[in-house]
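Participant: Data file work_2.pdb (PDB, C-alpha atoms) is appended below.
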ATOM      1  CA  MET I 180     120.587 195.156 174.761
ATOM      2  CA  GLU I 181     121.283 195.960 178.397
ATOM      3  CA  GLU I 182     119.594 199.110 179.625
ATOM      4  CA  PRO I 183     122.053 201.790 180.821
ATOM      5  CA  LYS I 184     122.257 202.276 184.572
ATOM      6  CA  ILE I 185     121.046 205.459 186.201
ATOM      7  CA  ASP I 186     123.760 207.704 187.652
ATOM      8  CA  LEU I 187     123.398 208.099 191.413
ATOM      9  CA  VAL I 188     125.638 211.064 192.184
ATOM     10  CA  LEU I 189     127.495 210.820 195.485
ATOM     11  CA  SER I 190     128.225 214.114 197.239
ATOM     12  CA  GLY I 191     129.738 213.735 200.686
ATOM     13  CA  SER I 192     127.586 211.082 202.323
ATOM     14  CA  ASP I 193     124.420 211.915 200.342
ATOM     15  CA  VAL I 194     123.197 210.476 197.053
ATOM     16  CA  PHE I 195     121.370 212.621 194.497
ATOM     17  CA  ILE I 196     119.497 212.307 191.217
ATOM     18  CA  TRP I 197     120.123 215.317 188.969
ATOM     19  CA  ASN I 198     118.521 214.188 185.732
ATOM     20  CA  ALA I 199     114.759 214.766 185.310
ATOM     21  CA  ASP I 200     114.284 211.739 183.034
ATOM     22  CA  ASP I 201     116.059 209.503 185.553
ATOM     23  CA  TRP I 202     113.882 210.836 188.371
ATOM     24  CA  LEU I 203     110.687 210.156 186.402
ATOM     25  CA  LYS I 204     111.821 206.654 185.480
ATOM     26  CA  LEU I 205     112.700 205.803 189.075
ATOM     27  CA  ARG I 206     109.298 206.977 190.227
ATOM     28  CA  GLN I 207     107.131 205.405 187.522
ATOM     29  CA  VAL I 208     109.025 202.172 186.872
ATOM     30  CA  HIS I 209     110.933 201.366 190.060
ATOM     31  CA  ARG I 210     108.724 202.940 192.762
ATOM     32  CA  ILE I 211     111.588 205.033 194.148
ATOM     33  CA  ILE I 212     110.440 208.455 195.349
ATOM     34  CA  GLY I 213     113.286 210.283 197.100
ATOM     35  CA  GLU I 214     112.796 213.898 198.114
ATOM     36  CA  CYS I 215     113.005 216.919 195.825
ATOM     37  CA  ILE I 216     115.103 219.513 197.630
ATOM     38  CA  GLY I 217     116.020 221.951 194.854
ATOM     39  CA  CYS I 218     114.694 225.367 193.923
ATOM     40  CA  ILE I 219     112.336 225.807 190.957
ATOM     41  CA  ALA I 220     113.909 228.407 188.688
ATOM     42  CA  LYS I 221     110.652 230.165 187.790
ATOM     43  CA  LYS I 222     109.386 230.229 191.397
ATOM     44  CA  PRO I 223     112.422 230.587 193.638
ATOM     45  CA  ARG I 224     110.757 232.384 196.562
ATOM     46  CA  GLN I 225     108.444 229.635 197.791
ATOM     47  CA  GLU I 226     108.696 226.341 199.646
ATOM     48  CA  THR I 227     105.499 224.612 198.524
ATOM     49  CA  ILE I 228     106.986 222.977 195.427
ATOM     50  CA  SER I 229     110.596 221.838 195.156
ATOM     51  CA  GLY I 230     112.598 220.660 192.171
ATOM     52  CA  LEU I 231     115.810 218.868 191.301
ATOM     53  CA  PRO I 232     118.020 217.519 192.676
ATOM     54  CA  VAL I 233     116.322 214.569 194.341
ATOM     55  CA  LEU I 234     117.881 213.381 197.591
ATOM     56  CA  LEU I 235     117.659 209.608 197.976
ATOM     57  CA  LEU I 236     117.356 207.750 201.236
ATOM     58  CA  PRO I 237     120.431 205.584 201.903
ATOM     59  CA  GLU I 238     118.117 202.569 201.663
ATOM     60  CA  GLU I 239     116.835 203.686 198.249
ATOM     61  CA  ALA I 240     120.348 204.179 196.898
ATOM     62  CA  LYS I 241     121.497 200.809 198.237
ATOM     63  CA  LEU I 242     118.495 199.061 196.694
ATOM     64  CA  LEU I 243     119.094 200.621 193.272
ATOM     65  CA  ILE I 244     122.746 199.572 193.316
ATOM     66  CA  GLU I 245     121.953 196.052 194.524
ATOM     67  CA  LYS I 246     119.258 195.562 191.870
ATOM     68  CA  GLY I 247     121.551 196.812 189.122
ATOM     69  CA  ILE I 248     119.253 199.728 188.329
ATOM     70  CA  GLY I 249     121.764 202.440 189.194
ATOM     71  CA  ARG I 250     125.453 203.007 189.729
ATOM     72  CA  LEU I 251     127.107 205.208 192.320
ATOM     73  CA  VAL I 252     129.253 207.825 190.623
ATOM     74  CA  GLY I 253     131.315 210.875 191.421
ATOM     75  CA  LYS I 254     132.191 213.676 189.014
ATOM     76  CA  PRO I 255     135.755 214.810 189.762
ATOM     77  CA  ILE I 256     135.472 217.897 187.541
ATOM     78  CA  LEU I 257     132.977 219.436 189.975
ATOM     79  CA  LYS I 258     135.656 219.421 192.682
ATOM     80  CA  GLU I 259     138.390 220.905 190.518
ATOM     81  CA  THR I 260     139.265 224.578 190.227
ATOM     82  CA  PRO I 261     137.790 225.875 186.936
ATOM     83  CA  THR I 262     140.369 226.332 184.204
ATOM     84  CA  GLU I 263     140.706 229.557 182.234
ATOM     85  CA  SER I 264     139.154 227.916 179.168
ATOM     86  CA  LEU I 265     136.174 226.787 181.252
ATOM     87  CA  LYS I 266     135.757 230.269 182.714
ATOM     88  CA  LYS I 267     135.805 231.712 179.197
ATOM     89  CA  LYS I 268     133.226 229.180 178.053
ATOM     90  CA  PHE I 269     131.033 230.091 181.022
ATOM     91  CA  GLU I 270     131.239 233.826 180.278
ATOM     92  CA  GLU I 271     130.404 233.216 176.614
ATOM     93  CA  TYR I 272     127.424 231.148 177.686
ATOM     94  CA  ARG I 273     126.213 233.944 180.003
ATOM     95  CA  GLU I 274     126.571 236.458 177.173
ATOM     96  CA  LYS I 275     124.567 234.192 174.893
ATOM     97  CA  LEU I 276     121.777 233.858 177.478
ATOM     98  CA  PHE I 277     121.736 237.627 178.002
ATOM     99  CA  ALA I 278     121.438 238.254 174.253
ATOM    100  CA  GLU I 279     118.618 235.707 173.990
ATOM    101  CA  GLN I 280     116.714 237.327 176.864
ATOM    102  CA  GLU I 281     117.205 240.781 175.361
ATOM    103  CA  ALA I 282     115.900 239.576 171.978
ATOM    104  CA  SER I 283     112.961 237.830 173.673
ATOM    105  CA  MET I 284     112.019 240.992 175.556
ATOM    106  CA  THR I 285     112.123 243.047 172.338
ATOM    107  CA  GLU I 286     109.998 240.472 170.505
ATOM    108  CA  GLN I 287     107.411 240.451 173.291
ATOM    109  CA  ARG I 288     107.240 244.233 173.132
ATOM    110  CA  ARG I 289     106.880 244.091 169.338
ATOM    111  CA  ILE I 290     103.890 241.737 169.696
ATOM    112  CA  GLN I 291     102.282 244.073 172.234
ATOM    113  CA  VAL I 292     102.758 247.096 169.967
ATOM    114  CA  GLU I 293     101.320 245.223 166.973
ATOM    115  CA  HIS I 294      98.161 244.458 168.948
ATOM    116  CA  MET I 295      97.834 248.146 169.900
ATOM    117  CA  MET I 296      99.016 249.614 166.573
ATOM    118  CA  ASP I 297      95.613 250.919 165.412
ATOM    119  CA  LYS I 298      95.147 252.875 168.635
ATOM    120  CA  ILE I 299      98.738 254.152 168.522
ATOM    121  CA  VAL I 300      98.249 255.345 164.907
ATOM    122  CA  GLU I 301      94.990 257.046 165.877
ATOM    123  CA  GLY I 302      96.713 258.830 168.739
ATOM    124  CA  LYS I 303      99.602 259.883 166.481
ATOM    125  CA  LYS I 304      97.211 261.415 163.950
ATOM    126  CA  ARG I 305      95.388 263.335 166.661
ATOM    127  CA  LYS I 306      98.666 264.736 167.955
ATOM    128  CA  ILE I 307      99.549 265.949 164.443
ATOM    129  CA  LEU I 308      96.234 267.832 164.315
ATOM    130  CA  GLY I 309      96.724 269.138 167.824
ATOM    131  CA  LEU I 310      93.783 267.170 169.231
ATOM    132  CA  ARG I 311      93.730 265.794 172.744
ATOM    133  CA  THR I 312      94.520 262.109 173.015
ATOM    134  CA  SER I 313      93.162 261.230 176.451
ATOM    135  CA  LYS I 314      90.964 258.120 176.664
ATOM    136  CA  LYS I 315      87.941 260.280 177.467
ATOM    137  CA  LYS I 316      88.473 262.413 174.360
ATOM    138  CA  LEU I 317      89.140 259.379 172.161
ATOM    139  CA  ARG I 318      85.709 257.977 173.014
ATOM    140  CA  LYS I 319      83.939 261.104 171.786
ATOM    141  CA  PRO I 320      83.121 261.206 168.026
ATOM    142  CA  VAL I 321      84.726 264.008 166.001
ATOM    143  CA  ASN I 322      82.997 266.152 163.410
ATOM    144  CA  GLU I 323      83.059 265.257 159.718
ATOM    145  CA  GLU I 324      85.748 267.793 158.816
ATOM    146  CA  THR I 325      88.095 266.576 161.529
ATOM    147  CA  GLN I 326      87.458 262.958 160.566
ATOM    148  CA  LYS I 327      88.434 263.667 156.958
ATOM    149  CA  ALA I 328      91.590 265.422 158.158
ATOM    150  CA  LEU I 329      92.497 262.396 160.284
ATOM    151  CA  GLU I 330      91.965 260.020 157.372
ATOM    152  CA  SER I 331      94.124 262.110 155.087
ATOM    153  CA  ILE I 332      97.173 261.831 157.334
ATOM    154  CA  GLU I 333      99.615 259.084 156.353
ATOM    155  CA  VAL I 334     101.580 257.429 159.160
ATOM    156  CA  ASP I 335     104.540 255.141 158.509
ATOM    157  CA  ARG I 336     103.712 252.129 160.662
ATOM    158  CA  GLU I 337     107.210 250.648 160.411
ATOM    159  CA  ALA I 338     108.804 253.875 161.601
ATOM    160  CA  LEU I 339     106.207 254.108 164.366
ATOM    161  CA  MET I 340     107.015 250.539 165.417
ATOM    162  CA  GLU I 341     110.737 251.364 165.636
ATOM    163  CA  GLU I 342     109.921 254.513 167.598
ATOM    164  CA  GLU I 343     107.882 252.502 170.129
ATOM    165  CA  LEU I 344     110.571 249.838 170.436
ATOM    166  CA  SER I 345     113.197 252.502 171.050
ATOM    167  CA  LYS I 346     111.276 253.492 174.184
ATOM    168  CA  LEU I 347     111.957 250.058 175.659
ATOM    169  CA  PRO I 348     114.449 250.451 178.542
ATOM    170  CA  LYS I 349     117.843 248.944 177.834
ATOM    171  CA  MET I 350     118.231 245.672 179.665
ATOM    172  CA  GLU I 351     121.118 245.585 182.111
ATOM    173  CA  LYS I 352     123.027 242.408 182.847
ATOM    174  CA  ILE I 353     122.140 242.710 186.516
ATOM    175  CA  ASP I 354     118.462 242.309 185.519
ATOM    176  CA  ALA I 355     119.006 239.141 183.479
ATOM    177  CA  LEU I 356     117.565 235.841 184.654
ATOM    178  CA  VAL I 357     120.157 233.335 185.815
ATOM    179  CA  GLN I 358     119.736 229.759 184.661
ATOM    180  CA  THR I 359     119.830 227.153 187.418
ATOM    181  CA  HIS I 360     121.453 224.036 185.966
ATOM    182  CA  THR I 361     120.465 220.562 187.101
ATOM    183  CA  ALA I 362     123.218 219.017 184.973
ATOM    184  CA  PHE I 363     126.751 220.232 184.333
ATOM    185  CA  PRO I 364     126.506 221.812 180.836
ATOM    186  CA  TRP I 365     130.189 221.304 180.027
ATOM    187  CA  HIS I 366     130.603 217.816 181.428
ATOM    188  CA  THR I 367     133.588 216.104 179.866
ATOM    189  CA  GLY I 368     132.104 212.645 180.366
ATOM    190  CA  VAL I 369     134.736 211.684 182.948
ATOM    191  CA  ILE I 370     133.087 209.994 185.912
ATOM    192  CA  LYS I 371     134.393 207.940 188.788
ATOM    193  CA  ILE I 372     132.636 204.824 190.057
ATOM    194  CA  GLU I 373     132.392 205.312 193.807
ATOM    195  CA  GLN I 374     132.444 202.774 196.621
ATOM    196  CA  TRP I 375     129.905 203.307 199.380
ATOM    197  CA  ASN I 376     130.138 201.912 202.872
ATOM    198  CA  TYR I 377     126.427 201.401 203.520
ATOM    199  CA  PRO I 378     125.126 199.725 205.558
ATOM    200  CA  SER I 379     128.007 200.144 207.968
ATOM    201  CA  ASN I 380     126.487 198.698 211.144
ATOM    202  CA  GLU I 381     123.786 196.285 212.345
ATOM    203  CA  GLU I 382     121.138 198.994 212.764
ATOM    204  CA  GLU I 383     121.572 200.272 209.204
ATOM    205  CA  SER I 384     121.614 196.709 207.896
ATOM    206  CA  PHE I 385     118.340 195.970 209.722
ATOM    207  CA  ARG I 386     116.670 199.139 208.378
ATOM    208  CA  TYR I 387     117.740 198.256 204.851
ATOM    209  CA  LYS I 388     116.353 194.724 205.121
ATOM    210  CA  VAL I 389     112.991 196.138 206.256
ATOM    211  CA  PHE I 390     112.936 198.726 203.468
ATOM    212  CA  LYS I 391     113.833 196.152 200.828
ATOM    213  CA  ASP I 392     111.261 193.635 202.075
ATOM    214  CA  ILE I 393     108.402 196.168 202.002
ATOM    215  CA  TRP I 394     109.479 197.471 198.574
ATOM    216  CA  GLU I 395     109.577 193.937 197.171
ATOM    217  CA  GLN I 396     105.977 193.472 198.319
ATOM    218  CA  GLY I 397     104.945 196.174 195.836
ATOM    219  CA  PHE I 398     104.704 199.226 198.105
ATOM    220  CA  TYR I 399     106.087 202.695 197.518
ATOM    221  CA  VAL I 400     108.306 203.354 200.548
ATOM    222  CA  THR I 401     109.336 206.794 201.810
ATOM    223  CA  SER I 402     110.824 208.283 204.947
ATOM    224  CA  GLY I 403     108.405 208.304 207.896
ATOM    225  CA  GLN I 404     110.033 211.244 209.634
ATOM    226  CA  LYS I 405     106.954 213.490 209.477
ATOM    227  CA  PHE I 406     104.946 210.907 211.456
ATOM    228  CA  GLY I 407     107.729 209.924 213.839
ATOM    229  CA  CYS I 408     108.346 206.473 212.331
ATOM    230  CA  ASP I 409     111.050 204.905 210.186
ATOM    231  CA  PHE I 410     109.132 204.402 206.922
ATOM    232  CA  LEU I 411     105.755 205.032 205.335
ATOM    233  CA  ALA I 412     104.297 202.482 202.917
ATOM    234  CA  TYR I 413     101.960 203.570 200.106
ATOM    235  CA  PRO I 414      99.790 201.276 197.920
ATOM    236  CA  GLY I 415     100.505 203.540 194.908
ATOM    237  CA  ASP I 416     102.299 206.727 193.958
ATOM    238  CA  PRO I 417     102.189 209.168 196.916
ATOM    239  CA  ILE I 418     100.880 211.849 194.545
ATOM    240  CA  MET I 419      97.636 209.855 194.252
ATOM    241  CA  PHE I 420      97.477 207.798 197.456
ATOM    242  CA  HIS I 421      97.771 208.307 201.192
ATOM    243  CA  SER I 422     100.145 206.028 203.049
ATOM    244  CA  GLN I 423      98.541 203.037 204.764
ATOM    245  CA  LEU I 424     101.329 201.791 207.002
ATOM    246  CA  MET I 425     103.624 203.426 209.553
ATOM    247  CA  ILE I 426     106.681 201.195 209.881
ATOM    248  CA  GLN I 427     108.752 201.148 213.063
ATOM    249  CA  CYS I 428     111.957 199.099 213.030
ATOM    250  CA  LYS I 429     112.466 197.462 216.419
ATOM    251  CA  ASN I 430     115.145 195.102 217.712
ATOM    252  CA  ARG I 431     113.596 191.785 218.693
ATOM    253  CA  ASN I 432     115.039 191.965 222.201
ATOM    254  CA  GLU I 433     114.328 195.664 222.675
ATOM    255  CA  GLU I 434     111.916 196.534 225.491
ATOM    256  CA  LEU I 435     109.053 198.770 224.392
ATOM    257  CA  PRO I 436     107.812 201.091 227.163
ATOM    258  CA  VAL I 437     104.032 201.127 227.536
ATOM    259  CA  LEU I 438     103.835 204.911 227.197
ATOM    260  CA  GLU I 439     105.801 204.781 223.935
ATOM    261  CA  LEU I 440     103.510 202.039 222.623
ATOM    262  CA  ILE I 441     100.390 204.035 223.554
ATOM    263  CA  SER I 442     101.705 207.265 222.020
ATOM    264  CA  GLU I 443     102.679 205.568 218.753
ATOM    265  CA  CYS I 444      99.323 203.784 218.559
ATOM    266  CA  ARG I 445      97.449 207.038 219.154
ATOM    267  CA  ILE I 446      99.427 208.779 216.382
ATOM    268  CA  GLY I 447      98.646 205.938 213.986
ATOM    269  CA  SER I 448      94.963 206.046 214.905
ATOM    270  CA  HIS I 449      94.797 209.827 214.623
ATOM    271  CA  VAL I 450      96.266 209.891 211.096
ATOM    272  CA  ARG I 451      94.280 206.787 210.049
ATOM    273  CA  LYS I 452      97.236 204.532 209.417
ATOM    274  CA  THR I 453      98.152 201.067 210.645
ATOM    275  CA  LEU I 454     101.150 201.035 212.959
ATOM    276  CA  VAL I 455     103.457 198.153 212.052
ATOM    277  CA  TYR I 456     106.469 196.993 214.055
ATOM    278  CA  ALA I 457     109.139 195.269 211.971
ATOM    279  CA  THR I 458     111.708 192.986 213.534
ATOM    280  CA  LEU I 459     114.089 190.212 212.535
ATOM    281  CA  SER I 460     113.084 186.592 212.992
ATOM    282  CA  LYS I 461     114.915 184.485 215.573
ATOM    283  CA  ASP I 462     117.361 183.211 212.962
ATOM    284  CA  GLY I 463     117.867 186.746 211.651
ATOM    285  CA  GLU I 464     117.045 185.748 208.075
ATOM    286  CA  GLU I 465     113.496 187.054 207.665
ATOM    287  CA  ILE I 466     111.483 190.121 208.601
ATOM    288  CA  GLU I 467     108.479 189.666 210.869
ATOM    289  CA  TYR I 468     105.705 192.221 211.283
ATOM    290  CA  PHE I 469     103.336 192.999 214.128
ATOM    291  CA  SER I 470     100.522 195.503 213.625
ATOM    292  CA  THR I 471      98.500 197.376 216.209
ATOM    293  CA  ARG I 472      95.115 199.038 216.098
ATOM    294  CA  TRP I 473      93.350 201.327 218.558
ATOM    295  CA  ALA I 474      90.226 199.676 219.990
ATOM    296  CA  GLU I 475      87.252 201.144 221.799
ATOM    297  CA  SER I 476      87.286 200.459 225.513
ATOM    298  CA  SER I 477      84.269 198.806 227.188
ATOM    299  CA  MET I 478      85.361 199.804 230.682
ATOM    300  CA  GLY I 479      82.681 201.546 232.683
ATOM    301  CA  GLU I 480      79.818 200.014 230.709
ATOM    302  CA  LEU I 481      77.060 198.267 232.655
TER     303      LEU I 481
END
Could you spell out this file's structure in structure tokens?

Facilitator:
Amino acid sequence: MEEPKIDLVLSGSDVFIWNADDWLKLRQVHRIIGECIGCIAKKPRQETISGLPVLLLPEEAKLLIEKGIGRLVGKPILKETPTESLKKKFEEYREKLFAEQEASMTEQRRIQVEHMMDKIVEGKKRKILGLRTSKKKLRKPVNEETQKALESIEVDREALMEEELSKLPKMEKIDALVQTHTAFPWHTGVIKIEQWNYPSNEEESFRYKVFKDIWEQGFYVTSGQKFGCDFLAYPGDPIMFHSQLMIQCKNRNEELPVLELISECRIGSHVRKTLVYATLSKDGEEIEYFSTRWAESSMGEL
């Protein structure tokens, strides 16, 4: 049975992965990393960790389509004006979430009260006898007569529980958590297979050939933007490995200024990576690689 293709969602000129299972499969099975650019619902006010969606490089998306791993799709419903029935469904869903959060808050408070019930009962009995209930006073032992009086008082724990729960502030809708969806919850299943004009020129075609060739050699390949190169090549998942190669795509007939060569070599040496220049062979059919390494100078030695 043929395995279903992964939906690569086209939005404008960008391609995204919205499904967590698809993202994990691409990473573990197909060595496609992408970049998480979304906000984590439970930690929205930070930039250290990002979540779905995953933004794919154009080269990654093209490779997945070419290999038959994914399909480029659009979801027309996301561009349409919501219908009245959809708006109603959305409001009902929000009401349901609000009710669930309200019930969850009450249940959490109930658990807290149950853990503290013995102390609450003790304090209630002391109040009935007119005794002080401060923590300092509670730590002091009472005389035998008072102790017997405390033990003789019956307190309805169920009523006391309801009394404590009634003190819980009423939750307002403005305070409710808002769910951040990574998939359209009311998707009708209607999708449109999109056509994508990539690569659209010789430069993009060259970059894709380099990306594909390195990927087919077993590397994990990501954008090299943070190191000023085209791609970074990793021997394993970037979570566990540092990149080994900085890939620069260069036209075979392009002149490389000496200062640019020196600066790129120094960056590669400084971050302990091998700088690799990728170019097309003379017949334009294969990719050729040239690596550089910083060497110690012997000038000035006697």

Participant: Work out how far apart atom CA of His294 of chain I and atom CA of Leu310 of chain I are and give it in Å to one decimal.

Facilitator: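 Between atom CA of His294 of chain I and atom CA of Leu310 of chain I the gap is 23.1 Å.
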
Participant: Hey, what's within 12 Å of segment 258-273 of chain I if we count all atoms listed in the file and toss same-chain stuff fewer than 4 positions away? As a PyMOL selection string, please?

Facilitator: chain I and resi 190-191+253-254+277-280+352-353+355-359+363-367+370

Participant: For Phe410 of chain I, which residue among I:Ala457, I:Leu339, I:Val300, I:Glu443 is the nearest when counting only C-alpha atoms?

Facilitator: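 Under the stated criterion, the closest residue is I:Ala457.
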
Participant: Would you compute the distance between atom CA of Thr285 of chain I and atom CA of Met340 of chain I? Give it in Å to one decimal.

Facilitator: 11.4 Å

Participant: With a distance cut-off of 9 Å and all atoms listed in the file, select the neighbouring residues of segment 429-434 of chain I, excluding the residue or stretch itself and same-chain residues fewer than 4 positions from it, and output the selection as number ranges by chain.

Facilitator: I: 382, 385, 456-461

Participant: Evaluate the PyMOL selection byres ((chain I and resi 195) around 12) and record the selected residues as a ChimeraX atom specification, following the chain and residue labels used in the document.

Facilitator: /I:185-194,196-199,201-202,212-217,231-237,239-240,249-253,361-362

Participant: Taking into account only C-alpha atoms, which residue in the set I:Thr325, I:Gln287, I:Gln396, I:Ser470 is nearest to Leu347 of chain I?

Facilitator: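 Residue with the minimum atom-to-atom distance to Leu347 of chain I: I:Gln287.
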
Participant: As a check of understanding, name the residues that the PyMOL selection byres ((chain I and resi 400-409) around 8) selects in the supplied structure, as a list of chain:residue names.

Facilitator: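 This file, filtered by the PyMOL selection byres ((chain I and resi 400-409) around 8), leaves I:Arg210, I:Ile211, I:Ile212, I:Gly213, I:Leu236, I:Phe390, I:Ile393, I:Trp394, I:Phe398, I:Tyr399, I:Phe410, I:Leu411, I:Ala412, I:Tyr413, I:Met425, I:Ile426, I:Gln427, I:Cys428, I:Ile446.
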
Participant: Produce a file of the selected residues containing C-alpha atoms, as a CSV table (one decimal), in the coordinates of the input.

Facilitator:
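That gives us part.csv:
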chain,number,residue,atom,x,y,z
I,210,ARG,CA,108.7,202.9,192.8
I,211,ILE,CA,111.6,205.0,194.1
I,212,ILE,CA,110.4,208.5,195.3
I,213,GLY,CA,113.3,210.3,197.1
I,236,LEU,CA,117.4,207.8,201.2
I,390,PHE,CA,112.9,198.7,203.5
I,393,ILE,CA,108.4,196.2,202.0
I,394,TRP,CA,109.5,197.5,198.6
I,398,PHE,CA,104.7,199.2,198.1
I,399,TYR,CA,106.1,202.7,197.5
I,410,PHE,CA,109.1,204.4,206.9
I,411,LEU,CA,105.8,205.0,205.3
I,412,ALA,CA,104.3,202.5,202.9
I,413,TYR,CA,102.0,203.6,200.1
I,425,MET,CA,103.6,203.4,209.6
I,426,ILE,CA,106.7,201.2,209.9
I,427,GLN,CA,108.8,201.1,213.1
I,428,CYS,CA,112.0,199.1,213.0
I,446,ILE,CA,99.4,208.8,216.4

Participant: From the set I:Ile418, I:Cys218, I:Leu454, I:Ile299, which residue has the shortest atom-to-atom contact distance to Ile441 of chain I, counting all atoms listed in the file?

Facilitator: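 Result for the nearest residue to Ile441 of chain I: I:Leu454.
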
Participant: With distances taken over all atoms listed in the file, which of I:Leu308, I:Val369, I:Met419, I:Val389 is nearest to Leu257 of chain I?

Facilitator: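 With all atoms listed in the file as the atom set, the closest residue is I:Val369.
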
Participant: Could you spell out the hits of the PyMOL selection byres ((chain I and resi 328) around 12) on the shown file, as a ChimeraX atom specification?

Facilitator: /I:301,304-305,307-310,321-327,329-333

Participant: Please, what distance in Å, to one decimal, runs between atom CA of Ser442 of chain I and atom CA of Tyr387 of chain I?

Facilitator: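 These atoms are spaced 25.2 Å apart.
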
Participant: Could you pull the residues within 12 Å of Arg289 of chain I, counting all atoms listed in the file, minus those fewer than 5 positions along the same chain, as a list of chain:residue names?

Facilitator: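 Near Arg289 of chain I, the qualifying residues are I:Ala282, I:Ser283, I:Met284, I:His294, I:Met295, I:Met296, I:Glu337, I:Leu339, I:Met340, I:Glu341, I:Glu342, I:Glu343, I:Leu344, I:Ser345, I:Lys346, I:Leu347.
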
Participant: With distances taken over all atoms listed in the file, which of I:Arg472, I:Asp462, I:Glu381, I:Leu242 is nearest to Leu205 of chain I?

Facilitator: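 Checking each of I:Arg472, I:Asp462, I:Glu381, I:Leu242 against Leu205 of chain I, counting all atoms listed in the file, the winner is I:Leu242.
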
Participant: Would you mind telling me which residue in I:Pro417, I:Glu351, I:Lys221, I:Leu203 lies nearest to Glu274 of chain I when using all atoms listed in the file?

Facilitator: I:Glu351

Participant: Save all heavy atoms of segment 340-345 of chain I from the block above as an mmCIF file, in the first residue's frame.

Facilitator:
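And here is the file that came out, decode.cif:
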data_model
loop_
_atom_site.group_PDB
_atom_site.id
_atom_site.type_symbol
_atom_site.label_atom_id
_atom_site.label_comp_id
_atom_site.auth_asym_id
_atom_site.auth_seq_id
_atom_site.Cartn_x
_atom_site.Cartn_y
_atom_site.Cartn_z
ATOM 1 N N MET I 340 -16.626 22.263 52.206
ATOM 2 C CA MET I 340 -16.012 22.223 50.879
ATOM 3 C C MET I 340 -16.737 23.171 49.926
ATOM 4 O O MET I 340 -16.104 23.956 49.204
ATOM 5 C CB MET I 340 -16.059 20.796 50.334
ATOM 6 C CG MET I 340 -15.624 20.655 48.873
ATOM 7 S SD MET I 340 -13.890 21.026 48.601
ATOM 8 C CE MET I 340 -13.145 19.491 49.185
ATOM 9 N N GLU I 341 -18.079 23.127 49.929
ATOM 10 C CA GLU I 341 -18.856 24.014 49.066
ATOM 11 C C GLU I 341 -18.633 25.471 49.429
ATOM 12 O O GLU I 341 -18.591 26.350 48.568
ATOM 13 C CB GLU I 341 -20.345 23.656 49.148
ATOM 14 C CG GLU I 341 -20.686 22.275 48.604
ATOM 15 C CD GLU I 341 -20.235 22.099 47.158
ATOM 16 O OE1 GLU I 341 -20.391 23.054 46.368
ATOM 17 O OE2 GLU I 341 -19.723 21.015 46.828
ATOM 18 N N GLU I 342 -18.504 25.733 50.718
ATOM 19 C CA GLU I 342 -18.258 27.107 51.188
ATOM 20 C C GLU I 342 -16.916 27.621 50.660
ATOM 21 O O GLU I 342 -16.809 28.766 50.210
ATOM 22 C CB GLU I 342 -18.262 27.140 52.710
ATOM 23 C CG GLU I 342 -18.013 28.537 53.288
ATOM 24 C CD GLU I 342 -17.941 28.535 54.809
ATOM 25 O OE1 GLU I 342 -18.467 27.584 55.436
ATOM 26 O OE2 GLU I 342 -17.332 29.478 55.362
ATOM 27 N N GLU I 343 -15.887 26.749 50.704
ATOM 28 C CA GLU I 343 -14.561 27.150 50.223
ATOM 29 C C GLU I 343 -14.561 27.345 48.709
ATOM 30 O O GLU I 343 -13.945 28.280 48.191
ATOM 31 C CB GLU I 343 -13.522 26.095 50.614
ATOM 32 C CG GLU I 343 -13.220 26.029 52.096
ATOM 33 C CD GLU I 343 -12.602 27.319 52.621
ATOM 34 O OE1 GLU I 343 -11.772 27.923 51.898
ATOM 35 O OE2 GLU I 343 -12.951 27.723 53.740
ATOM 36 N N LEU I 344 -15.272 26.474 48.006
ATOM 37 C CA LEU I 344 -15.337 26.596 46.548
ATOM 38 C C LEU I 344 -16.098 27.842 46.119
ATOM 39 O O LEU I 344 -15.816 28.427 45.066
ATOM 40 C CB LEU I 344 -15.994 25.348 45.935
ATOM 41 C CG LEU I 344 -15.205 24.042 46.031
ATOM 42 C CD1 LEU I 344 -15.986 22.894 45.407
ATOM 43 C CD2 LEU I 344 -13.843 24.162 45.346
ATOM 44 N N SER I 345 -17.054 28.244 46.929
ATOM 45 C CA SER I 345 -17.833 29.449 46.602
ATOM 46 C C SER I 345 -16.986 30.717 46.684
ATOM 47 O O SER I 345 -17.351 31.755 46.129
ATOM 48 C CB SER I 345 -19.043 29.566 47.534
ATOM 49 O OG SER I 345 -18.618 29.818 48.865
#
